[in-house]
file entry_12.txt (compact mmCIF, C-alpha atoms)
# COMPACT_ATOMS: atom_id res chain seq x y z
CA CYS R 3 -116.10 -23.79 -80.45
CA GLY R 4 -117.38 -27.25 -81.52
CA PHE R 5 -118.15 -26.44 -85.19
CA ASP R 6 -116.14 -27.08 -88.37
CA SER R 7 -116.47 -25.38 -91.73
CA HIS R 8 -118.70 -28.18 -93.00
CA GLY R 9 -120.78 -29.31 -90.05
CA GLY R 10 -123.58 -27.66 -88.05
CA PRO R 11 -124.45 -27.99 -84.38
CA ALA R 12 -125.83 -31.52 -84.68
CA GLN R 13 -122.73 -32.80 -86.39
CA GLY R 14 -120.49 -31.10 -83.82
CA LYS R 15 -122.44 -32.65 -80.91
CA LYS R 16 -122.22 -36.11 -82.54
CA MET R 17 -118.44 -35.75 -82.83
CA TYR R 18 -118.13 -34.92 -79.10
CA GLU R 19 -120.23 -37.93 -78.15
CA ILE R 20 -118.03 -40.24 -80.25
CA LYS R 21 -114.86 -38.90 -78.58
CA TYR R 22 -116.01 -38.49 -74.99
CA GLY R 23 -119.07 -40.75 -74.79
CA PRO R 24 -122.81 -39.90 -74.62
CA GLY R 25 -123.77 -37.18 -72.13
CA HIS R 26 -120.16 -36.02 -71.56
CA SER R 27 -118.73 -32.67 -72.56
CA PRO R 28 -115.12 -32.08 -73.47
CA PRO R 29 -112.89 -30.74 -70.69
CA SER R 30 -112.22 -27.02 -70.65
CA PRO R 31 -108.69 -25.86 -71.45
CA ARG R 32 -108.24 -25.09 -67.69
CA GLN R 33 -109.27 -28.64 -66.76
CA SER R 34 -106.87 -30.08 -69.36
CA VAL R 35 -104.02 -28.17 -67.79
CA ARG R 36 -104.92 -29.27 -64.26
CA LYS R 37 -104.91 -32.95 -65.30
CA ASN R 38 -101.13 -32.63 -65.32
CA LEU R 39 -101.00 -31.20 -61.76
CA ASP R 40 -100.92 -33.35 -58.64
CA PHE R 41 -102.99 -30.83 -56.64
CA GLU R 42 -105.96 -28.53 -57.01
CA PRO R 43 -105.10 -24.83 -56.61
CA LEU R 44 -107.21 -23.35 -53.80
CA SER R 45 -106.66 -19.68 -54.54
CA THR R 46 -105.44 -17.23 -57.15
CA THR R 47 -101.98 -17.64 -55.63
CA ALA R 48 -101.67 -20.98 -57.41
CA LEU R 49 -102.27 -19.42 -60.82
CA ILE R 50 -98.52 -18.94 -61.19
CA LEU R 51 -98.28 -22.73 -61.67
CA GLU R 52 -100.75 -22.78 -64.54
CA ASP R 53 -99.46 -23.21 -68.09
CA ARG R 54 -99.92 -20.24 -70.35
CA PRO R 55 -102.82 -20.25 -72.85
CA ALA R 56 -102.08 -21.99 -76.14
CA ASN R 57 -101.95 -18.70 -78.04
CA LEU R 58 -98.99 -17.49 -75.92
CA PRO R 59 -95.40 -18.74 -75.82
CA ALA R 60 -94.83 -21.50 -73.27
CA LYS R 61 -93.04 -20.73 -69.99
CA PRO R 62 -89.31 -21.31 -70.02
CA ALA R 63 -88.31 -24.16 -67.70
CA GLU R 64 -86.40 -21.78 -65.40
CA GLU R 65 -89.44 -19.51 -64.99
CA ALA R 66 -91.73 -22.49 -64.30
CA GLN R 67 -89.30 -23.76 -61.65
CA LYS R 68 -89.09 -20.27 -60.09
CA HIS R 69 -92.89 -20.03 -59.95
CA ARG R 70 -93.14 -23.44 -58.32
CA GLN R 71 -90.60 -22.41 -55.67
CA GLN R 72 -92.48 -19.16 -55.04
CA TYR R 73 -95.72 -21.05 -54.65
CA GLU R 74 -94.19 -23.59 -52.28
CA GLU R 75 -92.76 -20.75 -50.16
CA MET R 76 -96.18 -19.09 -50.02
CA VAL R 77 -97.84 -22.36 -49.02
CA THR R 78 -95.19 -22.91 -46.32
CA GLN R 79 -95.73 -19.41 -44.91
CA ALA R 80 -99.51 -19.88 -44.95
CA LYS R 81 -99.14 -23.19 -43.08
CA LYS R 82 -96.88 -21.51 -40.51
CA ARG R 83 -99.47 -18.76 -39.95
CA GLU R 84 -102.23 -21.32 -39.61
CA LEU R 85 -100.15 -23.34 -37.15
CA LYS R 86 -99.33 -20.22 -35.13
CA GLU R 87 -102.99 -19.16 -35.00
CA ALA R 88 -104.04 -22.69 -34.02
CA GLN R 89 -101.46 -22.70 -31.21
CA LYS R 90 -102.70 -19.28 -30.07
CA ARG R 91 -106.32 -20.50 -30.04
CA ARG R 92 -105.27 -23.64 -28.17
CA LYS R 93 -103.42 -21.58 -25.55
CA GLN R 94 -106.40 -19.22 -25.14
CA LEU R 95 -108.65 -22.23 -24.62
CA GLU R 96 -106.23 -23.75 -22.11
CA ASP R 97 -105.94 -20.43 -20.25
CA ARG R 98 -109.73 -20.10 -20.16
CA CYS R 99 -110.09 -23.62 -18.83
CA LYS R 100 -107.44 -22.97 -16.18
CA LEU R 101 -109.15 -19.72 -15.19
CA GLU R 102 -112.55 -21.40 -14.94
CA GLU R 103 -111.03 -24.21 -12.87
CA SER R 104 -109.28 -21.67 -10.64
CA ILE R 105 -112.50 -19.67 -10.16
CA GLY R 106 -114.40 -22.87 -9.39
CA ASN R 107 -111.85 -23.93 -6.79
CA ALA R 108 -111.80 -20.45 -5.26
CA ALA R 109 -115.60 -20.35 -5.10
CA GLN R 110 -115.58 -23.70 -3.30
CA THR R 111 -113.05 -22.35 -0.79
CA TRP R 112 -115.10 -19.21 -0.16
CA ASN R 113 -118.38 -21.12 0.14
CA GLN R 114 -117.19 -24.02 2.28
CA GLU R 115 -114.41 -22.51 4.39
CA ILE R 116 -114.49 -18.71 4.51
CA LEU R 117 -118.12 -17.58 4.45
CA PRO R 118 -119.32 -20.02 7.16
CA ASN R 119 -116.50 -18.74 9.42
CA TRP R 120 -116.47 -15.14 8.25
CA SER R 121 -115.73 -13.36 11.55
CA ALA R 122 -112.79 -15.62 12.35
CA MET R 123 -111.28 -15.84 8.86
CA CYS R 124 -111.96 -12.52 7.08
CA THR R 125 -108.79 -10.88 8.41
CA SER R 126 -106.48 -13.89 8.01
CA ARG R 127 -103.49 -13.61 5.71
CA ARG R 128 -104.72 -16.44 3.47
CA VAL R 129 -108.13 -14.82 2.95
CA ARG R 130 -106.56 -11.42 2.28
CA GLU R 131 -104.40 -13.02 -0.44
CA LEU R 132 -107.44 -14.70 -1.99
CA TRP R 133 -109.27 -11.37 -1.80
CA TRP R 134 -106.49 -9.62 -3.69
CA GLN R 135 -106.68 -12.20 -6.49
CA GLY R 136 -110.36 -11.36 -7.00
CA VAL R 137 -113.52 -12.69 -5.38
CA PRO R 138 -115.30 -15.32 -7.56
CA PRO R 139 -118.41 -13.78 -9.18
CA SER R 140 -120.69 -16.42 -7.65
CA VAL R 141 -119.89 -15.27 -4.10
CA ARG R 142 -118.98 -11.64 -4.79
CA GLY R 143 -122.30 -10.19 -3.65
CA LYS R 144 -122.24 -12.08 -0.35
CA VAL R 145 -118.63 -11.07 0.33
CA TRP R 146 -119.34 -7.42 -0.47
CA SER R 147 -122.38 -7.38 1.83
CA LEU R 148 -120.42 -8.86 4.73
CA ALA R 149 -117.42 -6.59 4.16
CA VAL R 150 -119.44 -3.37 3.81
CA GLY R 151 -121.63 -4.28 6.75
CA ASN R 152 -124.91 -2.67 7.80
CA GLU R 153 -124.07 -0.04 10.40
CA LEU R 154 -127.26 1.78 9.43
CA ASN R 155 -129.34 -1.26 10.44
CA ILE R 156 -131.47 -1.00 7.30
CA THR R 157 -134.04 -3.77 6.93
CA HIS R 158 -135.91 -5.05 3.90
CA GLU R 159 -139.05 -3.52 5.42
CA LEU R 160 -137.43 -0.08 5.55
CA PHE R 161 -136.43 -0.44 1.91
CA ASN R 162 -140.04 -1.26 0.99
CA ILE R 163 -141.31 1.78 2.93
CA CYS R 164 -138.85 4.11 1.15
CA LEU R 165 -139.69 2.54 -2.21
CA ALA R 166 -143.43 3.01 -1.62
CA ARG R 167 -142.83 6.67 -0.81
CA ALA R 168 -140.74 7.11 -3.96
CA ARG R 169 -143.51 5.57 -6.07
CA GLU R 170 -146.02 7.99 -4.59
CA LYS R 171 -143.73 10.86 -5.58
CA TRP R 172 -143.41 9.50 -9.13
CA LYS R 173 -147.18 9.24 -9.48
CA SER R 174 -147.60 12.91 -8.59
CA MET R 175 -144.98 14.01 -11.11
CA PRO R 176 -145.78 15.26 -14.62
CA THR R 177 -145.32 12.66 -17.36
CA ALA R 178 -143.04 14.89 -19.44
CA PRO R 179 -139.53 13.52 -19.76
CA PRO R 180 -137.00 15.00 -17.37
CA THR R 181 -134.53 17.62 -18.54
CA GLU R 182 -131.01 18.39 -17.53
CA PRO R 183 -130.85 20.25 -14.21
CA GLU R 184 -129.79 23.87 -14.41
CA THR R 185 -127.87 23.64 -11.16
CA GLU R 186 -125.98 20.95 -9.32
CA ASP R 187 -127.88 18.83 -6.80
CA ALA R 188 -125.59 20.28 -4.15
CA GLY R 189 -127.24 23.65 -4.64
CA LEU R 190 -130.75 22.41 -3.87
CA SER R 191 -132.39 23.07 -0.53
CA LEU R 192 -133.22 20.11 1.73
CA ALA R 193 -136.89 20.37 0.87
CA ASP R 194 -136.12 20.24 -2.85
CA ARG R 195 -133.81 17.24 -2.82
CA GLU R 196 -136.60 14.71 -3.27
CA ALA R 197 -137.39 16.50 -6.51
CA SER R 198 -134.19 14.93 -7.80
CA LEU R 199 -136.30 11.78 -8.26
CA GLU R 200 -137.13 13.08 -11.71
CA LEU R 201 -133.44 13.24 -12.59
CA ILE R 202 -133.02 9.53 -11.93
CA LYS R 203 -134.75 8.49 -15.14
CA LEU R 204 -132.48 10.74 -17.12
CA ASP R 205 -129.32 9.34 -15.54
CA ILE R 206 -130.39 5.67 -15.77
CA SER R 207 -130.40 5.93 -19.57
CA ARG R 208 -126.69 6.79 -19.39
CA THR R 209 -125.71 3.95 -17.04
CA PHE R 210 -123.67 1.23 -18.78
CA PRO R 211 -125.48 1.93 -22.09
CA HIS R 212 -123.39 -0.73 -23.90
CA LEU R 213 -124.95 -3.46 -21.70
CA CYS R 214 -128.51 -2.44 -22.69
CA ILE R 215 -129.94 -3.88 -19.46
CA PHE R 216 -130.52 -0.80 -17.29
CA GLN R 217 -132.28 1.38 -19.85
CA GLN R 218 -136.07 1.58 -20.03
CA GLY R 219 -137.42 -1.77 -21.22
CA GLY R 220 -134.28 -3.58 -20.01
CA PRO R 221 -134.39 -6.37 -17.39
CA TYR R 222 -132.73 -4.31 -14.63
CA TYR R 223 -134.38 -0.93 -15.27
CA ASP R 224 -137.01 -1.26 -12.55
CA MET R 225 -134.48 -2.54 -10.00
CA LEU R 226 -132.11 0.36 -10.58
CA HIS R 227 -134.98 2.85 -10.59
CA SER R 228 -136.28 1.39 -7.33
CA ILE R 229 -132.95 1.55 -5.46
CA LEU R 230 -132.17 5.11 -6.52
CA GLY R 231 -135.71 6.31 -5.82
CA ALA R 232 -135.81 4.61 -2.40
CA TYR R 233 -132.44 6.12 -1.46
CA THR R 234 -133.60 9.61 -2.40
CA CYS R 235 -136.47 9.22 0.05
CA TYR R 236 -134.25 7.53 2.65
CA ARG R 237 -131.71 10.37 2.53
CA PRO R 238 -133.52 13.49 1.30
CA ASP R 239 -130.63 15.55 2.70
CA VAL R 240 -128.40 13.95 0.08
CA GLY R 241 -130.90 13.35 -2.72
CA TYR R 242 -129.78 11.97 -6.04
CA VAL R 243 -126.35 12.91 -7.40
CA GLN R 244 -124.93 11.95 -10.78
CA GLY R 245 -122.69 8.92 -10.44
CA MET R 246 -124.91 7.11 -7.94
CA SER R 247 -126.56 5.12 -10.70
CA PHE R 248 -123.27 3.40 -11.60
CA ILE R 249 -122.68 2.29 -8.00
CA ALA R 250 -126.23 0.98 -7.66
CA ALA R 251 -125.98 -0.80 -11.03
CA VAL R 252 -122.83 -2.71 -10.02
CA LEU R 253 -124.51 -3.81 -6.79
CA ILE R 254 -127.64 -4.95 -8.68
CA LEU R 255 -125.48 -7.18 -10.87
CA ASN R 256 -124.29 -9.00 -7.75
CA LEU R 257 -127.15 -8.78 -5.21
CA ASP R 258 -130.92 -8.98 -4.88
CA THR R 259 -132.66 -5.60 -4.88
CA PRO R 260 -133.24 -5.18 -1.09
CA ASP R 261 -129.69 -6.33 -0.26
CA ALA R 262 -128.29 -4.10 -3.01
CA PHE R 263 -130.11 -1.15 -1.42
CA ILE R 264 -128.69 -1.96 2.03
CA ALA R 265 -125.13 -2.17 0.64
CA PHE R 266 -125.71 1.00 -1.44
CA ALA R 267 -126.88 3.08 1.51
CA ASN R 268 -124.05 1.85 3.74
CA LEU R 269 -121.41 2.44 1.05
CA LEU R 270 -122.57 6.01 0.51
CA ASN R 271 -122.54 6.57 4.26
CA LYS R 272 -118.75 6.08 4.40
CA PRO R 273 -116.91 9.36 5.17
CA CYS R 274 -115.21 9.69 1.77
CA GLN R 275 -118.33 8.92 -0.26
CA MET R 276 -120.49 11.20 1.87
CA ALA R 277 -117.97 14.04 1.46
CA PHE R 278 -118.10 13.68 -2.33
CA PHE R 279 -121.83 13.11 -2.74
CA ARG R 280 -122.69 16.01 -0.44
CA VAL R 281 -120.07 18.03 -2.32
CA ASP R 282 -118.30 19.10 0.86
CA HIS R 283 -115.60 21.13 -0.89
CA SER R 284 -113.48 21.65 2.22
CA LEU R 285 -113.35 17.93 3.02
CA MET R 286 -112.84 16.97 -0.65
CA LEU R 287 -109.79 19.26 -0.76
CA LYS R 288 -108.34 17.42 2.23
CA TYR R 289 -108.75 14.08 0.48
CA PHE R 290 -107.07 15.53 -2.61
CA ALA R 291 -104.23 16.97 -0.50
CA ALA R 292 -103.68 13.59 1.19
CA PHE R 293 -103.63 11.96 -2.24
CA GLU R 294 -100.95 14.41 -3.39
CA VAL R 295 -98.73 13.49 -0.42
CA PHE R 296 -98.64 9.85 -1.59
CA PHE R 297 -98.51 10.89 -5.26
CA GLU R 298 -95.30 12.85 -4.68
CA GLU R 299 -93.89 10.02 -2.54
CA ASN R 300 -94.55 7.26 -5.10
CA LEU R 301 -94.28 9.03 -8.47
CA PRO R 302 -92.11 12.14 -7.99
CA LYS R 303 -91.34 12.59 -11.71
CA LEU R 304 -94.98 12.44 -12.80
CA PHE R 305 -96.02 14.57 -9.81
CA ALA R 306 -93.57 17.30 -10.87
CA HIS R 307 -94.85 17.07 -14.47
CA PHE R 308 -98.48 17.47 -13.32
CA LYS R 309 -97.49 20.36 -11.05
CA GLU R 310 -95.67 22.08 -13.92
CA ASN R 311 -98.80 21.73 -16.08
CA ASN R 312 -101.21 22.76 -13.27
CA LEU R 313 -103.03 19.41 -13.51
CA THR R 314 -104.68 19.08 -10.08
CA PRO R 315 -106.17 15.76 -8.86
CA ASP R 316 -109.75 17.06 -8.80
CA ILE R 317 -109.69 17.03 -12.62
CA TYR R 318 -109.58 13.23 -12.79
CA LEU R 319 -110.22 11.94 -9.26
CA ILE R 320 -113.77 13.27 -8.87
CA ASP R 321 -115.22 10.99 -11.54
CA TRP R 322 -113.18 8.00 -10.35
CA ILE R 323 -114.27 8.41 -6.72
CA PHE R 324 -117.90 9.33 -7.47
CA THR R 325 -118.51 6.09 -9.37
CA LEU R 326 -115.94 3.93 -7.50
CA TYR R 327 -114.25 3.37 -10.88
CA SER R 328 -117.30 1.59 -12.29
CA LYS R 329 -117.62 4.17 -15.08
CA SER R 330 -113.90 4.68 -15.69
CA LEU R 331 -112.60 1.09 -15.84
CA PRO R 332 -113.87 -2.00 -17.72
CA LEU R 333 -116.64 -3.56 -15.63
CA ASP R 334 -114.79 -6.79 -14.77
CA LEU R 335 -111.77 -4.79 -13.64
CA ALA R 336 -113.94 -2.34 -11.68
CA CYS R 337 -115.43 -5.32 -9.80
CA ARG R 338 -111.93 -6.46 -8.83
CA VAL R 339 -111.24 -2.96 -7.54
CA TRP R 340 -114.48 -3.14 -5.54
CA ASP R 341 -113.36 -6.48 -4.06
CA VAL R 342 -110.34 -4.91 -2.39
CA PHE R 343 -112.11 -1.59 -1.71
CA CYS R 344 -114.67 -3.48 0.37
CA ARG R 345 -111.73 -4.99 2.28
CA ASP R 346 -109.45 -1.96 2.67
CA GLY R 347 -111.85 0.98 2.57
CA ASP R 348 -111.41 4.48 1.14
CA GLU R 349 -107.61 4.31 1.14
CA PHE R 350 -107.70 1.72 -1.64
CA LEU R 351 -109.59 4.07 -3.97
CA PHE R 352 -106.66 6.49 -3.88
CA ARG R 353 -104.15 3.66 -4.14
CA VAL R 354 -105.89 2.51 -7.33
CA ALA R 355 -105.61 6.06 -8.68
CA LEU R 356 -101.86 5.99 -8.06
CA GLY R 357 -101.68 2.53 -9.65
CA ILE R 358 -103.35 3.89 -12.81
CA LEU R 359 -100.95 6.83 -12.91
CA ARG R 360 -98.01 4.46 -12.43
CA LEU R 361 -99.26 2.15 -15.20
CA TYR R 362 -99.38 5.03 -17.69
CA GLU R 363 -96.54 7.13 -16.27
CA ASP R 364 -94.39 6.97 -19.41
CA VAL R 365 -97.30 8.09 -21.59
CA LEU R 366 -98.48 10.84 -19.23
CA THR R 367 -95.06 12.43 -18.76
CA ARG R 368 -94.94 13.11 -22.52
CA MET R 369 -98.35 14.83 -22.64
CA ASP R 370 -99.41 18.42 -22.03
CA PHE R 371 -102.28 19.53 -19.77
CA ILE R 372 -105.06 19.04 -22.31
CA HIS R 373 -103.98 15.58 -23.43
CA ASN R 374 -103.32 14.42 -19.87
CA ALA R 375 -106.78 15.55 -18.80
CA GLN R 376 -108.40 13.89 -21.81
CA PHE R 377 -106.51 10.64 -21.25
CA LEU R 378 -107.33 10.40 -17.53
CA THR R 379 -111.00 11.24 -17.97
CA ARG R 380 -111.30 8.60 -20.71
CA LEU R 381 -109.01 5.69 -19.87
CA PRO R 382 -108.27 2.98 -22.47
CA ASP R 383 -111.07 0.46 -23.02
CA HIS R 384 -108.75 -2.50 -22.55
CA ILE R 385 -106.65 -2.62 -19.39
CA SER R 386 -105.04 -5.83 -18.15
CA PRO R 387 -106.33 -6.54 -14.62
CA ASP R 388 -103.13 -8.36 -13.65
CA GLN R 389 -100.99 -5.54 -15.02
CA LEU R 390 -102.95 -2.83 -13.19
CA PHE R 391 -102.98 -4.75 -9.91
CA SER R 392 -99.24 -5.29 -10.24
CA HIS R 393 -98.80 -1.50 -10.38
CA ILE R 394 -101.27 -0.97 -7.51
CA HIS R 395 -99.28 -3.48 -5.44
CA ALA R 396 -96.11 -1.44 -6.06
CA ILE R 397 -97.72 1.68 -4.51
CA HIS R 398 -96.71 2.21 -0.89
CA MET R 399 -99.30 4.01 1.22
CA THR R 400 -96.85 5.31 3.81
CA SER R 401 -95.20 8.72 3.90
CA LYS R 402 -92.59 9.57 6.53
CA ASN R 403 -93.78 6.56 8.55
CA ARG R 404 -97.37 7.84 8.43
CA LYS R 405 -100.20 5.82 6.93
CA TRP R 406 -103.08 7.15 4.85
CA GLY R 407 -105.40 7.62 7.82
CA GLN R 408 -102.77 9.54 9.80
CA VAL R 409 -101.97 11.87 6.90
CA LEU R 410 -105.67 12.54 6.29
CA GLN R 411 -106.34 13.17 9.97
CA ALA R 412 -103.43 15.61 10.22
CA LEU R 413 -104.82 17.54 7.24
CA GLN R 414 -108.32 17.59 8.74
CA GLU R 415 -106.94 19.10 11.94
CA ARG R 416 -105.41 21.98 9.99
CA ASN R 417 -107.06 24.73 7.96
CA SER R 418 -108.39 23.81 4.54
CA PRO R 419 -105.43 22.80 2.37
CA VAL R 420 -104.69 24.26 -1.03
CA LEU R 421 -103.81 21.89 -3.85
CA LYS R 422 -100.17 22.08 -4.90
CA ARG R 423 -99.63 23.86 -8.18
call {"tool": "encode", "arguments": {"input": "entry_12.txt", "output": "structure tokens"}}
result
Amino acid sequence: CGFDSHGGPAQGKKMYEIKYGPGHSPPSPRQSVRKNLDFEPLSTTALILEDRPANLPAKPAEEAQKHRQQYEEMVTQAKKRELKEAQKRRKQLEDRCKLEESIGNAAQTWNQEILPNWSAMCTSRRVRELWWQGVPPSVRGKVWSLAVGNELNITHELFNICLARAREKWKSMPTAPPTEPETEDAGLSLADREASLELIKLDISRTFPHLCIFQQGGPYYDMLHSILGAYTCYRPDVGYVQGMSFIAAVLILNLDTPDAFIAFANLLNKPCQMAFFRVDHSLMLKYFAAFEVFFEENLPKLFAHFKENNLTPDIYLIDWIFTLYSKSLPLDLACRVWDVFCRDGDEFLFRVALGILRLYEDVLTRMDFIHNAQFLTRLPDHISPDQLFSHIHAIHMTSKNRKWGQVLQALQERNSPVLKR
């Protein structure tokens, strides 16, 4: 401790200065030990190489050699892990660069070759292959608008008129926050459907909440509110139905507000979407029955399992179709689904459903009714787009030489079908 039996603090300090020089303190026992090592231990792992304290017996040579070997093995393993992680990071970076380069090249192709010659090229084999691979985000909105079309001949002026009417309705409404409706929108009379304007605010707060951009105060709140309100006044016979907000939100992310409204109204005017949003039970059953024809054709084992457990397609398909998968799948994957849906129409929505069932067939065949229903109504958060599209590609939409449209038409010409149980 720096003192002897005869000297005090001053004498002890003087002795240190003589031995180590003025202003220098003696090395600690730990430092003395490390002087003999040709490295500096970086973690507690290296403590096995340290000599024992002076008051303990010294390590036998065999034990010291064993500890050194153990340490060297640990260092080697750590270096291997670091190298593996570095290689993984390098590969991820290379893959990202390749993807960005691929997207850039594809965007250039769409902008310079396809879009200027849309009518002539949109049905070509090359364009259909590019479409399947995913439309580049920078041109996605334009491609969707062209593919969906504007059969309703909606103009920006008409959108502004409908929006102005919606704003008048909002002004006349009480300021109290909206509450959950007691009945479904489908049960409202035609005159009452515009009252569903008040339900829009409630539903917007639940639209992609993790993005925090559509909720009140977010950058896209007013745009989403405007489109849904304008549509309610444009189609009072339909009004607002839960699920619409997700479709409108996806369009807003890719288009300006007036163009998003035009695409939104035209999308919802498609036969399948109109059947679901107007809750036409008879027509919905026919879509489900057509789906089951191709389900049994493509996935007979899983179809039999679902039939045995009384798991009918309405349990999981309604939410998928209502939101065009934008609520059920990760957003980037949902946009890829939309790419091909805009190309192939309603049939692709049901093909995607079969692709999902095929992807998880092994898991689903081991589950009972409750767990199947829970799984399909809350799909995994991480789904590989390439993997899912590989399974979708494997689905054949023909049954006894009949295509989707022919099967659906045959069912529509019969009496209302009953789902197979």
call {"tool": "residues_around", "arguments": {"input": "entry_12.txt", "residues": "Val129 in chain R", "least_positions_apart": "5", "cutoff": "12 Å", "atoms": "only C-alpha atoms", "output": "mmCIF file with C-alpha atoms, keeping the file's coordinate frame"}}
result
data_model
loop_
_atom_site.group_PDB
_atom_site.id
_atom_site.type_symbol
_atom_site.label_atom_id
_atom_site.label_comp_id
_atom_site.auth_asym_id
_atom_site.auth_seq_id
_atom_site.Cartn_x
_atom_site.Cartn_y
_atom_site.Cartn_z
ATOM 1 C CA ALA R 108 -111.800 -20.450 -5.260
ATOM 2 C CA THR R 111 -113.050 -22.350 -0.790
ATOM 3 C CA TRP R 112 -115.100 -19.210 -0.160
ATOM 4 C CA GLU R 115 -114.410 -22.510 4.390
ATOM 5 C CA ILE R 116 -114.490 -18.710 4.510
ATOM 6 C CA LEU R 117 -118.120 -17.580 4.450
ATOM 7 C CA ASN R 119 -116.500 -18.740 9.420
ATOM 8 C CA TRP R 120 -116.470 -15.140 8.250
ATOM 9 C CA SER R 121 -115.730 -13.360 11.550
ATOM 10 C CA ALA R 122 -112.790 -15.620 12.350
ATOM 11 C CA MET R 123 -111.280 -15.840 8.860
ATOM 12 C CA CYS R 124 -111.960 -12.520 7.080
ATOM 13 C CA TRP R 134 -106.490 -9.620 -3.690
ATOM 14 C CA GLN R 135 -106.680 -12.200 -6.490
ATOM 15 C CA GLY R 136 -110.360 -11.360 -7.000
ATOM 16 C CA VAL R 137 -113.520 -12.690 -5.380
ATOM 17 C CA VAL R 145 -118.630 -11.070 0.330
ATOM 18 C CA VAL R 342 -110.340 -4.910 -2.390
ATOM 19 C CA ARG R 345 -111.730 -4.990 2.280
#
call {"tool": "atom_distance", "arguments": {"input": "entry_12.txt", "atom1": "CA of Leu326 in chain R", "atom2": "CA of Leu351 in chain R"}}
result
7.3 Å
call {"tool": "atom_distance", "arguments": {"input": "entry_12.txt", "atom1": "CA of Tyr223 in chain R", "atom2": "CA of Ile105 in chain R"}}
result
29.3 Å
call {"tool": "closest_residue", "arguments": {"input": "entry_12.txt", "among": "R:Leu301, R:Leu165, R:Met246, R:Leu160", "to": "Ile202 in chain R", "atoms": "all atoms listed in the file"}}
result
R:Met246
call {"tool": "residues_around", "arguments": {"input": "entry_12.txt", "residues": "Leu213 in chain R", "least_positions_apart": "4", "cutoff": "12 Å", "atoms": "all atoms listed in the file", "output": "list in words"}}
result
Ser207, Arg208, Thr209, Gln217, Gly220, Pro221, Tyr222, Tyr223, Ala251, Val252, Leu255, Pro332 and Leu333 of chain R
call {"tool": "residues_around", "arguments": {"input": "entry_12.txt", "residues": "Pro260 in chain R", "least_positions_apart": "3", "cutoff": "10 Å", "atoms": "only C-alpha atoms", "output": "PDB file with C-alpha atoms, in the coordinates of the input"}}
result
ATOM      1  CA  ILE R 156    -131.470  -1.000   7.300  1.00  0.00           C
ATOM      2  CA  THR R 157    -134.040  -3.770   6.930  1.00  0.00           C
ATOM      3  CA  HIS R 158    -135.910  -5.050   3.900  1.00  0.00           C
ATOM      4  CA  GLU R 159    -139.050  -3.520   5.420  1.00  0.00           C
ATOM      5  CA  LEU R 160    -137.430  -0.080   5.550  1.00  0.00           C
ATOM      6  CA  PHE R 161    -136.430  -0.440   1.910  1.00  0.00           C
ATOM      7  CA  ASN R 162    -140.040  -1.260   0.990  1.00  0.00           C
ATOM      8  CA  MET R 225    -134.480  -2.540 -10.000  1.00  0.00           C
ATOM      9  CA  SER R 228    -136.280   1.390  -7.330  1.00  0.00           C
ATOM     10  CA  ILE R 229    -132.950   1.550  -5.460  1.00  0.00           C
ATOM     11  CA  ILE R 254    -127.640  -4.950  -8.680  1.00  0.00           C
ATOM     12  CA  LEU R 257    -127.150  -8.780  -5.210  1.00  0.00           C
ATOM     13  CA  PHE R 263    -130.110  -1.150  -1.420  1.00  0.00           C
ATOM     14  CA  ILE R 264    -128.690  -1.960   2.030  1.00  0.00           C
ATOM     15  CA  ALA R 265    -125.130  -2.170   0.640  1.00  0.00           C
ATOM     16  CA  PHE R 266    -125.710   1.000  -1.440  1.00  0.00           C
TER      17      PHE R 266
END
call {"tool": "closest_residue", "arguments": {"input": "entry_12.txt", "among": "R:Trp322, R:Cys344, R:His307, R:Phe248", "to": "Leu366 in chain R", "atoms": "all atoms listed in the file"}}
result
R:His307
call {"tool": "closest_residue", "arguments": {"input": "entry_12.txt", "among": "R:Ser147, R:Gln389, R:Thr367, R:Asn152", "to": "Asp258 in chain R", "atoms": "all atoms listed in the file"}}
result
R:Ser147
call {"tool": "atom_distance", "arguments": {"input": "entry_12.txt", "atom1": "CA of Ser126 in chain R", "atom2": "CA of Asp346 in chain R"}}
result
13.4 Å
